[in-house]
>>> print(open('query_0.txt').read())   # compact mmCIF, C-alpha atoms
# COMPACT_ATOMS: atom_id res chain seq x y z
CA MET A 196 0.00 0.00 0.00
CA ARG A 197 1.40 3.35 -1.07
CA THR A 198 1.27 6.31 1.27
CA GLU A 199 0.63 9.70 -0.28
CA HIS A 200 3.06 12.44 0.72
CA PHE A 201 2.07 16.02 1.21
CA VAL A 202 4.68 18.71 0.62
CA SER A 203 4.11 22.32 1.71
CA LEU A 204 4.93 24.86 -0.95
CA GLU A 205 5.22 27.66 1.62
CA PRO A 206 8.73 29.16 2.11
CA PHE A 207 10.62 27.52 4.95
CA ASP A 208 10.93 29.62 8.12
CA PRO A 209 13.47 28.11 10.59
CA HIS A 210 12.09 30.28 13.42
CA SER A 211 8.51 29.19 12.93
CA ILE A 212 7.08 27.43 15.96
CA GLU A 213 3.42 27.39 14.95
CA SER A 214 3.34 23.61 15.09
CA LEU A 215 4.47 23.53 18.72
CA THR A 216 2.08 23.56 21.63
CA PRO A 217 2.59 26.27 24.30
CA ALA A 218 4.12 23.69 26.64
CA GLN A 219 6.55 22.50 23.98
CA GLU A 220 7.41 26.06 23.00
CA LYS A 221 8.18 26.89 26.63
CA TYR A 222 10.47 23.87 26.92
CA TYR A 223 12.33 24.18 23.60
CA LEU A 224 13.03 27.89 24.01
CA ALA A 225 14.16 27.66 27.65
CA SER A 226 17.78 28.29 28.58
CA GLN A 227 19.92 25.63 30.24
CA TRP A 228 19.74 27.40 33.62
CA LYS A 229 15.94 27.46 33.44
CA LEU A 230 15.88 23.76 32.57
CA MET A 231 18.14 23.10 35.56
CA TRP A 232 15.77 25.04 37.82
CA TRP A 233 12.73 23.10 36.55
CA LYS A 234 14.49 19.78 37.14
CA LEU A 235 15.71 20.85 40.59
CA ARG A 236 12.18 21.82 41.61
CA ARG A 237 11.02 18.27 40.93
CA HIS A 238 13.61 17.01 43.43
CA ARG A 239 11.53 17.72 46.54
CA LEU A 240 14.15 16.62 49.05
CA ALA A 241 16.80 18.86 47.46
CA VAL A 242 14.42 21.83 47.49
CA ILE A 243 13.59 21.31 51.17
CA CYS A 244 17.29 21.03 52.03
CA GLY A 245 18.01 24.15 49.98
CA VAL A 246 15.41 26.11 51.92
CA ILE A 247 16.89 24.88 55.21
CA LEU A 248 20.37 25.98 54.11
CA VAL A 249 19.11 29.41 53.05
CA LEU A 250 17.44 29.85 56.45
CA ASN A 251 20.60 28.74 58.24
CA TYR A 252 22.75 31.21 56.36
CA ALA A 253 20.13 33.93 56.87
CA THR A 254 20.34 33.46 60.65
CA ILE A 255 24.07 34.19 60.76
CA MET A 256 23.30 37.74 59.65
CA PHE A 257 21.31 38.28 62.85
CA SER A 258 22.97 35.97 65.38
CA GLU A 259 23.02 38.70 68.05
CA VAL A 260 19.28 39.28 67.67
CA ILE A 261 18.31 35.59 67.65
CA ALA A 262 20.43 34.60 70.67
CA PRO A 263 18.64 35.14 74.03
CA TYR A 264 21.91 36.14 75.73
CA ASP A 265 25.09 37.84 74.66
CA LEU A 266 27.93 35.52 73.68
CA HIS A 267 30.01 36.32 76.78
CA THR A 268 27.21 36.58 79.36
CA ARG A 269 27.92 34.37 82.36
CA ASN A 270 25.20 33.20 84.72
CA THR A 271 27.51 32.08 87.51
CA GLU A 272 24.58 31.01 89.69
CA PHE A 273 23.53 28.44 87.10
CA ILE A 274 26.65 26.61 85.95
CA TYR A 275 26.00 23.28 84.20
CA SER A 276 22.28 23.95 84.21
CA PRO A 277 20.27 21.36 82.26
CA PRO A 278 17.83 22.53 79.56
CA GLN A 279 14.68 24.26 80.77
CA SER A 280 11.33 23.19 79.37
CA ILE A 281 8.94 25.63 77.73
CA HIS A 282 5.31 25.35 78.85
CA LEU A 283 2.07 26.77 77.52
CA PHE A 284 -0.49 25.74 80.17
CA HIS A 285 -0.40 26.17 83.95
CA GLU A 286 -2.98 24.29 85.99
CA GLY A 287 -5.21 23.92 82.93
CA GLU A 288 -5.05 27.60 82.00
CA PHE A 289 -3.37 28.84 78.83
CA ILE A 290 -0.59 31.24 79.76
CA GLY A 291 1.54 31.30 76.60
CA PRO A 292 5.22 30.38 76.34
CA PHE A 293 6.70 30.42 79.84
CA VAL A 294 9.19 28.67 82.10
CA TYR A 295 8.90 27.82 85.74
CA GLY A 296 11.20 29.22 88.36
CA TRP A 297 14.61 27.57 88.27
CA GLY A 298 16.59 26.57 91.36
CA TYR A 299 19.00 23.91 92.57
CA GLN A 300 20.16 21.93 95.56
CA LEU A 301 23.77 20.95 96.09
CA ASP A 302 24.43 17.22 96.23
CA MET A 303 27.34 16.94 98.66
CA ASP A 304 27.90 13.26 97.85
CA LEU A 305 28.38 13.70 94.10
CA LEU A 306 29.35 17.40 94.31
CA ILE A 307 26.88 18.39 91.61
CA ARG A 308 23.89 20.68 91.47
CA ASN A 309 20.46 19.11 91.17
CA TYR A 310 18.26 21.61 89.32
CA GLN A 311 14.50 21.53 89.61
CA GLU A 312 11.47 23.58 88.65
CA ASN A 313 9.51 25.66 91.12
CA ARG A 314 5.98 25.23 89.79
CA ASP A 315 4.67 27.99 92.03
CA VAL A 316 6.62 30.58 90.04
CA VAL A 317 5.41 31.20 86.47
CA GLN A 318 7.76 33.31 84.34
CA PRO A 319 6.43 34.26 80.87
CA LEU A 320 9.03 34.65 78.14
CA ARG A 321 9.49 38.02 76.48
CA PHE A 322 9.53 38.45 72.71
CA PHE A 323 10.90 41.32 70.60
CA CYS A 324 12.41 42.72 73.74
CA ARG A 325 15.45 44.46 75.16
CA GLY A 326 18.04 42.30 76.88
CA ASP A 327 21.82 41.90 77.02
CA SER A 328 23.67 44.59 75.09
CA TYR A 329 25.96 43.52 72.24
CA GLN A 330 28.03 44.92 69.40
CA PHE A 331 26.09 44.15 66.22
CA TRP A 332 28.76 42.87 63.79
CA GLY A 333 31.19 44.99 65.81
CA LEU A 334 29.67 48.15 64.29
CA PHE A 335 27.32 49.60 66.88
CA GLU A 336 25.84 48.72 70.26
CA ALA A 337 22.31 47.37 70.53
CA ASP A 338 20.18 45.33 72.94
CA PHE A 339 17.23 44.12 70.84
CA HIS A 340 16.50 40.36 70.96
CA LEU A 341 13.95 38.07 69.35
CA VAL A 342 13.33 36.33 72.68
CA CYS A 343 14.53 37.26 76.16
CA PRO A 344 14.51 35.49 79.52
CA PRO A 345 11.77 36.49 81.95
CA GLU A 346 12.28 39.46 84.21
CA ASN A 347 14.43 38.30 87.14
CA GLY A 348 14.35 34.80 85.64
CA THR A 349 16.33 32.45 83.41
CA PHE A 350 15.80 30.83 80.02
CA PHE A 351 18.26 28.06 79.20
CA LEU A 352 16.59 26.11 76.39
CA LEU A 353 19.74 24.01 75.76
CA GLY A 354 21.34 24.35 79.19
CA THR A 355 24.56 26.10 80.21
CA ASP A 356 28.26 25.24 80.24
CA ARG A 357 30.89 25.23 83.00
CA LEU A 358 30.90 29.04 83.15
CA GLY A 359 27.14 29.43 83.11
CA ARG A 360 27.00 30.56 79.46
CA ASP A 361 23.81 29.79 77.55
CA MET A 362 24.41 26.95 75.07
CA LEU A 363 21.67 28.09 72.65
CA SER A 364 23.26 31.52 72.35
CA ARG A 365 26.74 30.08 71.86
CA ILE A 366 25.53 27.63 69.18
CA THR A 367 23.79 30.51 67.40
CA TYR A 368 26.97 32.60 67.44
CA GLY A 369 29.10 29.58 66.49
CA ALA A 370 27.04 29.04 63.33
CA ARG A 371 28.43 32.30 61.96
CA ILE A 372 31.99 30.97 62.00
CA SER A 373 31.33 27.34 61.09
CA LEU A 374 29.05 28.13 58.15
CA THR A 375 31.14 31.03 56.87
CA ILE A 376 34.38 29.07 56.84
CA GLY A 377 32.84 26.64 54.35
CA LEU A 378 31.84 29.41 51.93
CA VAL A 379 35.14 31.29 52.16
CA GLY A 380 37.10 28.06 51.83
CA ILE A 381 35.17 26.86 48.78
CA LEU A 382 35.64 30.27 47.14
CA ILE A 383 39.42 29.88 47.45
CA SER A 384 39.52 26.22 46.41
CA PHE A 385 37.02 26.85 43.58
CA THR A 386 39.26 29.58 42.17
CA MET A 387 42.40 27.47 42.49
CA GLY A 388 40.75 24.39 40.99
CA ILE A 389 39.45 26.29 37.96
CA ILE A 390 42.74 28.08 37.26
CA ILE A 391 45.12 25.15 37.80
CA GLY A 392 42.82 22.54 36.29
CA GLY A 393 42.03 24.85 33.37
CA LEU A 394 45.70 25.36 32.55
CA ALA A 395 46.41 21.64 32.78
CA GLY A 396 43.46 20.69 30.58
CA TYR A 397 43.97 23.39 27.96
CA TYR A 398 47.72 23.20 27.47
CA GLY A 399 48.30 19.53 28.27
CA GLY A 400 51.87 18.26 27.85
CA TRP A 401 54.36 19.04 30.59
CA VAL A 402 51.92 21.49 32.24
CA ASP A 403 49.34 18.73 32.66
CA ALA A 404 51.98 16.24 33.82
CA THR A 405 53.33 18.64 36.45
CA VAL A 406 49.88 19.47 37.80
CA GLN A 407 48.90 15.82 37.98
CA ARG A 408 52.04 14.88 39.90
CA VAL A 409 51.44 17.72 42.40
CA ILE A 410 47.83 16.59 42.88
CA GLU A 411 48.93 12.99 43.42
CA VAL A 412 51.46 14.05 46.07
CA ILE A 413 48.86 16.14 47.93
CA ARG A 414 46.22 13.42 47.80
CA SER A 415 48.67 10.77 49.00
CA PHE A 416 48.78 12.31 52.51
CA PRO A 417 46.05 11.38 55.00
CA GLU A 418 43.84 14.45 55.35
CA LEU A 419 43.42 14.67 59.12
CA PRO A 420 47.12 14.30 60.08
CA LEU A 421 48.03 16.80 57.36
CA TRP A 422 45.41 19.26 58.66
CA MET A 423 46.77 18.83 62.18
CA ALA A 424 50.37 19.38 61.07
CA LEU A 425 49.59 22.53 59.11
CA SER A 426 47.34 23.91 61.85
CA ALA A 427 50.05 23.38 64.45
CA VAL A 428 52.32 25.64 62.38
CA LEU A 429 50.03 28.65 62.92
CA PRO A 430 51.59 30.99 65.53
CA VAL A 431 49.84 30.93 68.88
CA ASN A 432 50.04 34.71 69.19
CA TRP A 433 47.93 35.32 66.09
CA SER A 434 44.66 37.18 66.55
CA PRO A 435 41.38 35.19 66.22
CA ILE A 436 40.73 36.73 62.81
CA LEU A 437 44.13 35.59 61.49
CA ILE A 438 43.56 32.12 62.92
CA PHE A 439 40.18 32.03 61.15
CA PHE A 440 41.69 32.91 57.78
CA GLY A 441 44.65 30.60 58.38
CA ILE A 442 42.37 27.60 58.98
CA THR A 443 40.27 28.59 55.96
CA VAL A 444 43.31 28.75 53.68
CA ILE A 445 44.61 25.39 54.97
CA LEU A 446 41.28 23.69 54.24
CA ALA A 447 41.09 25.32 50.80
CA MET A 448 44.68 24.45 49.87
CA LEU A 449 43.92 20.76 50.41
CA ASP A 450 40.48 20.66 48.78
CA TRP A 451 41.15 22.08 45.31
CA THR A 452 42.63 18.89 43.86
CA GLY A 453 39.36 17.10 43.12
CA LEU A 454 37.85 20.12 41.43
CA ALA A 455 41.03 20.70 39.40
CA ARG A 456 40.89 17.16 38.03
CA ALA A 457 37.23 17.59 37.07
CA VAL A 458 38.03 20.82 35.21
CA ARG A 459 41.06 19.26 33.54
CA SER A 460 39.13 16.23 32.23
CA LYS A 461 36.35 18.43 30.83
CA LEU A 462 38.76 20.80 29.09
CA LEU A 463 40.71 17.95 27.53
CA ALA A 464 37.49 16.87 25.83
CA LEU A 465 36.13 20.31 24.94
CA ARG A 466 39.31 21.90 23.61
CA GLU A 467 39.01 19.79 20.43
CA GLU A 468 35.53 21.08 19.63
CA ASP A 469 34.99 23.20 16.52
CA TYR A 470 33.98 26.35 18.40
CA CYS A 471 37.23 26.22 20.39
CA SER A 472 39.29 25.83 17.21
CA ALA A 473 37.37 28.71 15.62
CA ALA A 474 38.11 30.95 18.58
CA GLU A 475 41.84 30.09 18.32
CA LEU A 476 41.87 30.87 14.59
CA MET A 477 40.21 34.24 15.27
CA GLY A 478 43.09 35.13 17.58
CA ALA A 479 41.40 34.69 20.97
CA ARG A 480 43.79 34.33 23.89
CA PRO A 481 43.80 31.14 26.00
CA GLY A 482 42.32 32.98 28.98
CA ARG A 483 39.35 34.17 26.92
CA ILE A 484 38.84 30.75 25.33
CA ILE A 485 38.80 29.04 28.73
CA GLY A 486 36.69 31.64 30.49
CA ARG A 487 34.21 32.54 27.73
CA HIS A 488 33.88 29.36 25.69
CA LEU A 489 34.93 26.30 27.70
CA LEU A 490 34.02 26.86 31.34
CA PRO A 491 30.38 27.95 30.73
CA GLY A 492 29.80 24.61 29.03
CA PHE A 493 30.11 22.72 32.33
CA MET A 494 29.78 25.45 34.96
CA SER A 495 26.65 23.76 36.32
CA HIS A 496 28.70 20.63 37.09
CA LEU A 497 31.32 22.75 38.85
CA ILE A 498 28.68 24.42 41.01
CA ALA A 499 27.29 21.02 42.02
CA SER A 500 30.79 19.78 42.85
CA ALA A 501 31.49 22.90 44.91
CA THR A 502 28.24 22.41 46.83
CA LEU A 503 29.33 18.92 47.81
CA SER A 504 32.74 20.21 48.94
CA VAL A 505 31.38 22.69 51.49
CA PRO A 506 30.43 19.98 54.06
CA ALA A 507 33.98 18.62 53.98
CA MET A 508 35.35 22.04 54.97
CA ILE A 509 32.82 22.44 57.77
CA LEU A 510 33.76 18.99 59.08
CA GLY A 511 37.45 19.84 58.77
CA GLU A 512 37.11 23.00 60.86
CA THR A 513 34.96 21.15 63.42
CA ALA A 514 37.48 18.31 63.71
CA LEU A 515 40.47 20.63 64.09
CA SER A 516 38.75 22.82 66.67
CA PHE A 517 37.55 19.74 68.54
CA LEU A 518 41.16 18.53 68.75
CA GLY A 519 42.33 21.95 69.92
CA LEU A 520 44.34 22.64 66.76
CA GLY A 521 41.84 24.87 64.96
CA LEU A 522 40.01 27.93 66.17
CA ARG A 523 40.48 28.80 69.81
CA PRO A 524 38.53 30.92 72.31
CA PRO A 525 37.43 33.70 72.31
CA VAL A 526 36.40 32.67 68.79
CA THR A 527 33.27 30.52 69.02
CA SER A 528 32.44 27.81 66.50
CA TRP A 529 30.69 24.47 66.73
CA GLY A 530 34.06 22.74 66.91
CA VAL A 531 35.21 24.99 69.75
CA LEU A 532 32.01 24.18 71.66
CA LEU A 533 32.52 20.45 71.16
CA ASN A 534 36.07 20.81 72.45
CA GLU A 535 34.58 21.27 75.91
CA ALA A 536 32.83 17.90 75.66
CA GLN A 537 35.96 15.75 75.29
CA ASN A 538 35.92 14.51 78.86
CA ILE A 539 33.72 11.42 79.09
CA ASN A 540 32.90 12.17 82.71
CA VAL A 541 31.60 15.61 81.76
CA VAL A 542 29.51 14.11 78.96
CA ALA A 543 28.07 11.50 81.31
CA LEU A 544 27.01 14.15 83.81
CA TYR A 545 26.15 16.97 81.42
CA PRO A 546 25.10 15.41 78.08
CA TRP A 547 23.64 18.71 76.80
CA LEU A 548 27.20 19.86 76.09
CA LEU A 549 27.00 17.60 73.01
CA PHE A 550 24.15 19.63 71.51
CA PRO A 551 26.53 21.50 69.13
CA VAL A 552 26.96 18.26 67.19
CA VAL A 553 23.28 18.37 66.16
CA PRO A 554 23.54 21.42 63.84
CA VAL A 555 26.77 19.98 62.39
CA ILE A 556 24.99 16.77 61.43
CA LEU A 557 21.94 18.60 60.06
CA VAL A 558 24.00 20.99 57.93
CA ILE A 559 26.16 18.18 56.53
CA ILE A 560 23.10 16.09 55.63
CA THR A 561 21.25 19.02 54.02
CA PHE A 562 24.32 20.04 52.02
CA ASN A 563 24.76 16.49 50.73
CA PHE A 564 21.11 16.09 49.73
CA PHE A 565 21.03 19.53 48.13
CA GLY A 566 24.30 18.90 46.29
CA ASP A 567 23.00 15.53 45.08
CA GLY A 568 19.85 17.15 43.69
CA LEU A 569 21.88 19.95 42.13
CA ARG A 570 24.20 17.41 40.51
CA ASP A 571 21.22 15.63 38.93
CA ALA A 572 19.77 18.94 37.75
CA ALA A 573 23.11 19.99 36.27
CA ASP A 574 22.37 17.75 33.28
CA PRO A 575 18.75 18.65 32.47
CA TYR A 576 18.71 16.65 29.23
CA LYS A 577 18.86 13.27 30.93
>>> encode(input="query_0.txt", output="structure tokens")
Amino acid sequence: MRTEHFVSLEPFDPHSIESLTPAQEKYYLASQWKLMWWKLRRHRLAVICGVILVLNYATIMFSEVIAPYDLHTRNTEFIYSPPQSIHLFHEGEFIGPFVYGWGYQLDMDLLIRNYQENRDVVQPLRFFCRGDSYQFWGLFEADFHLVCPPENGTFFLLGTDRLGRDMLSRITYGARISLTIGLVGILISFTMGIIIGGLAGYYGGWVDATVQRVIEVIRSFPELPLWMALSAVLPVNWSPILIFFGITVILAMLDWTGLARAVRSKLLALREEDYCSAAELMGARPGRIIGRHLLPGFMSHLIASATLSVPAMILGETALSFLGLGLRPPVTSWGVLLNEAQNINVVALYPWLLFPVVPVILVIITFNFFGDGLRDAADPYK
């Protein structure tokens, strides 16, 4: 059976999209970044983790406001206080968020304080209130807080440490350092990985061989002992800011190798493409070819790889500070807070000192899930 063919005699218009439905038109004309966003939105877990990360990083802008107490406030009457419970009802009547009066009795046998609630004293919490004064980002003095302890009362949601400092406030302040060190570190390693890996992949030859040998030497050392050795080199008389940047640079200097190899392998494949050869024949310099023609072709993959590298830097800073070789007081980070929980006897008696490990775990998990979703979305055509 013969099939009759119909041929249109109308002039061909390559930009005509009349035959496409609106949904098809929207898809075929979308940019790669928009396709990535559409695919990422379908990854519900990655979107939820992304929102959590955005909220976490938003809080570090207002740590002083969110924390109930100032970072250095000491409640010497309530050292090693366990967490206080928040209540809403008192004797069947709705009061709103409040805590009961907080007191203790000294156990002379175990030499510890046994804290207990005084249910005859109801102390409502204060919101959007004035409390401990602080230097907002070191710029000006303020005393506004999102939540404050009751008048002539206490509010230790996560307990206190050996000096009577509120653990919730210290964890909130510590997030600023622990989360920032990952971003600053990945910015340095991202730059180094792109430059060194780009040169190795574009030029090849002895440049590529030299870079590969350097990467192999760096990756042959165990990470934690190498971190410890380099951190021990930092002078003890450095200011906290210099220590912060020193630890950041150390973590970045050891993390760029994986990204450099990814860039190098991509450039080795893309440098033989026709558009790269055309740019060379037109007289474009290597820097322009790499930056304007080659890197944009797989920038989405680099961003996904960088997202997965941030948790490693946060864990590195936490591990070094926990071992006493990273950041040191008066700088406060999650690792510095965990350093106080090394003694097993302290942990057995005061387990709330381990609470700083909770945000570390949550941030690492959310970064990994978000990075995994971003990596899948980086190739929207699959």
>>> residues_near_point(input="query_0.txt", point="(22.5, 22.5, 62.0)", cutoff="10 Å", atoms="all atoms listed in the file", output="ChimeraX atom specification")
/A:247-248,251,366-367,370,374,529,551-561
>>> closest_residue(input="query_0.txt", among="A:His238, A:Phe565, A:Leu449, A:Gly521", to="Glu411 (chain A)", atoms="only C-alpha atoms")
A:Leu449
>>> atom_distance(input="query_0.txt", atom1="CA of Ala447 (chain A)", atom2="CA of Ile376 (chain A)")
9.8 Å
>>> atom_distance(input="query_0.txt", atom1="CA of Ser504 (chain A)", atom2="CA of Leu548 (chain A)")
27.7 Å
>>> atom_distance(input="query_0.txt", atom1="CA of Glu512 (chain A)", atom2="CA of Val412 (chain A)")
22.5 Å
>>> residues_around(input="query_0.txt", residues="region 439-445 of chain A", least_positions_apart="6", cutoff="8 Å", atoms="all atoms listed in the file", output="VMD selection string")
chain A and resid 376 to 377 379 to 380 383 422 425 to 426 429 512 521 to 522
>>> write_last_selection(input="query_0.txt", atoms="C-alpha atoms", output="mmCIF file, keeping the file's coordinate frame")
data_model
loop_
_atom_site.group_PDB
_atom_site.id
_atom_site.type_symbol
_atom_site.label_atom_id
_atom_site.label_comp_id
_atom_site.auth_asym_id
_atom_site.auth_seq_id
_atom_site.Cartn_x
_atom_site.Cartn_y
_atom_site.Cartn_z
ATOM 1 C CA ILE A 376 34.380 29.070 56.840
ATOM 2 C CA GLY A 377 32.840 26.640 54.350
ATOM 3 C CA VAL A 379 35.140 31.290 52.160
ATOM 4 C CA GLY A 380 37.100 28.060 51.830
ATOM 5 C CA ILE A 383 39.420 29.880 47.450
ATOM 6 C CA TRP A 422 45.410 19.260 58.660
ATOM 7 C CA LEU A 425 49.590 22.530 59.110
ATOM 8 C CA SER A 426 47.340 23.910 61.850
ATOM 9 C CA LEU A 429 50.030 28.650 62.920
ATOM 10 C CA GLU A 512 37.110 23.000 60.860
ATOM 11 C CA GLY A 521 41.840 24.870 64.960
ATOM 12 C CA LEU A 522 40.010 27.930 66.170
#
>>> closest_residue(input="query_0.txt", among="A:His496, A:Arg308, A:His488, A:Arg408", to="Phe273 (chain A)", atoms="only C-alpha atoms")
A:Arg308
>>> axis_aligned_box(input="query_0.txt", around="region 394-403 of chain A", padding_each_side="6 Å", output="JSON")
{"center_x": 48.9, "center_y": 21.8, "center_z": 30.1, "size_x": 22.9, "size_y": 19.1, "size_z": 17.3}
>>> closest_residue(input="query_0.txt", among="A:Pro524, A:Gly478, A:Gly568, A:Gly298", to="Ile498 (chain A)", atoms="only C-alpha atoms")
A:Gly568
>>> residues_around(input="query_0.txt", residues="region 315-324 of chain A", least_positions_apart="2", cutoff="9 Å", atoms="only C-alpha atoms", output="PyMOL selection string")
chain A and resi 285+290-297+312-313+326+338-350
>>> closest_residue(input="query_0.txt", among="A:Arg570, A:Arg523, A:His282, A:Arg314", to="Ile436 (chain A)", atoms="only C-alpha atoms")
A:Arg523
>>> closest_residue(input="query_0.txt", among="A:Ser384, A:Ser280, A:Ser528, A:Asn538", to="Pro435 (chain A)", atoms="all atoms listed in the file")
A:Ser528
>>> residues_around(input="query_0.txt", residues="Leu352 (chain A)", least_positions_apart="2", cutoff="9 Å", atoms="all atoms listed in the file", output="ChimeraX atom specification")
/A:277-281,350,354-355,361-363
>>> closest_residue(input="query_0.txt", among="A:Phe562, A:Tyr368, A:Phe493, A:Trp228", to="Val526 (chain A)", atoms="all atoms listed in the file")
A:Tyr368
>>> residues_near_point(input="query_0.txt", point="(25.7, 19.7, 78.3)", cutoff="10 Å", atoms="only C-alpha atoms", output="PyMOL selection string")
chain A and resi 275-278+353-357+362+533+535-536+541-551
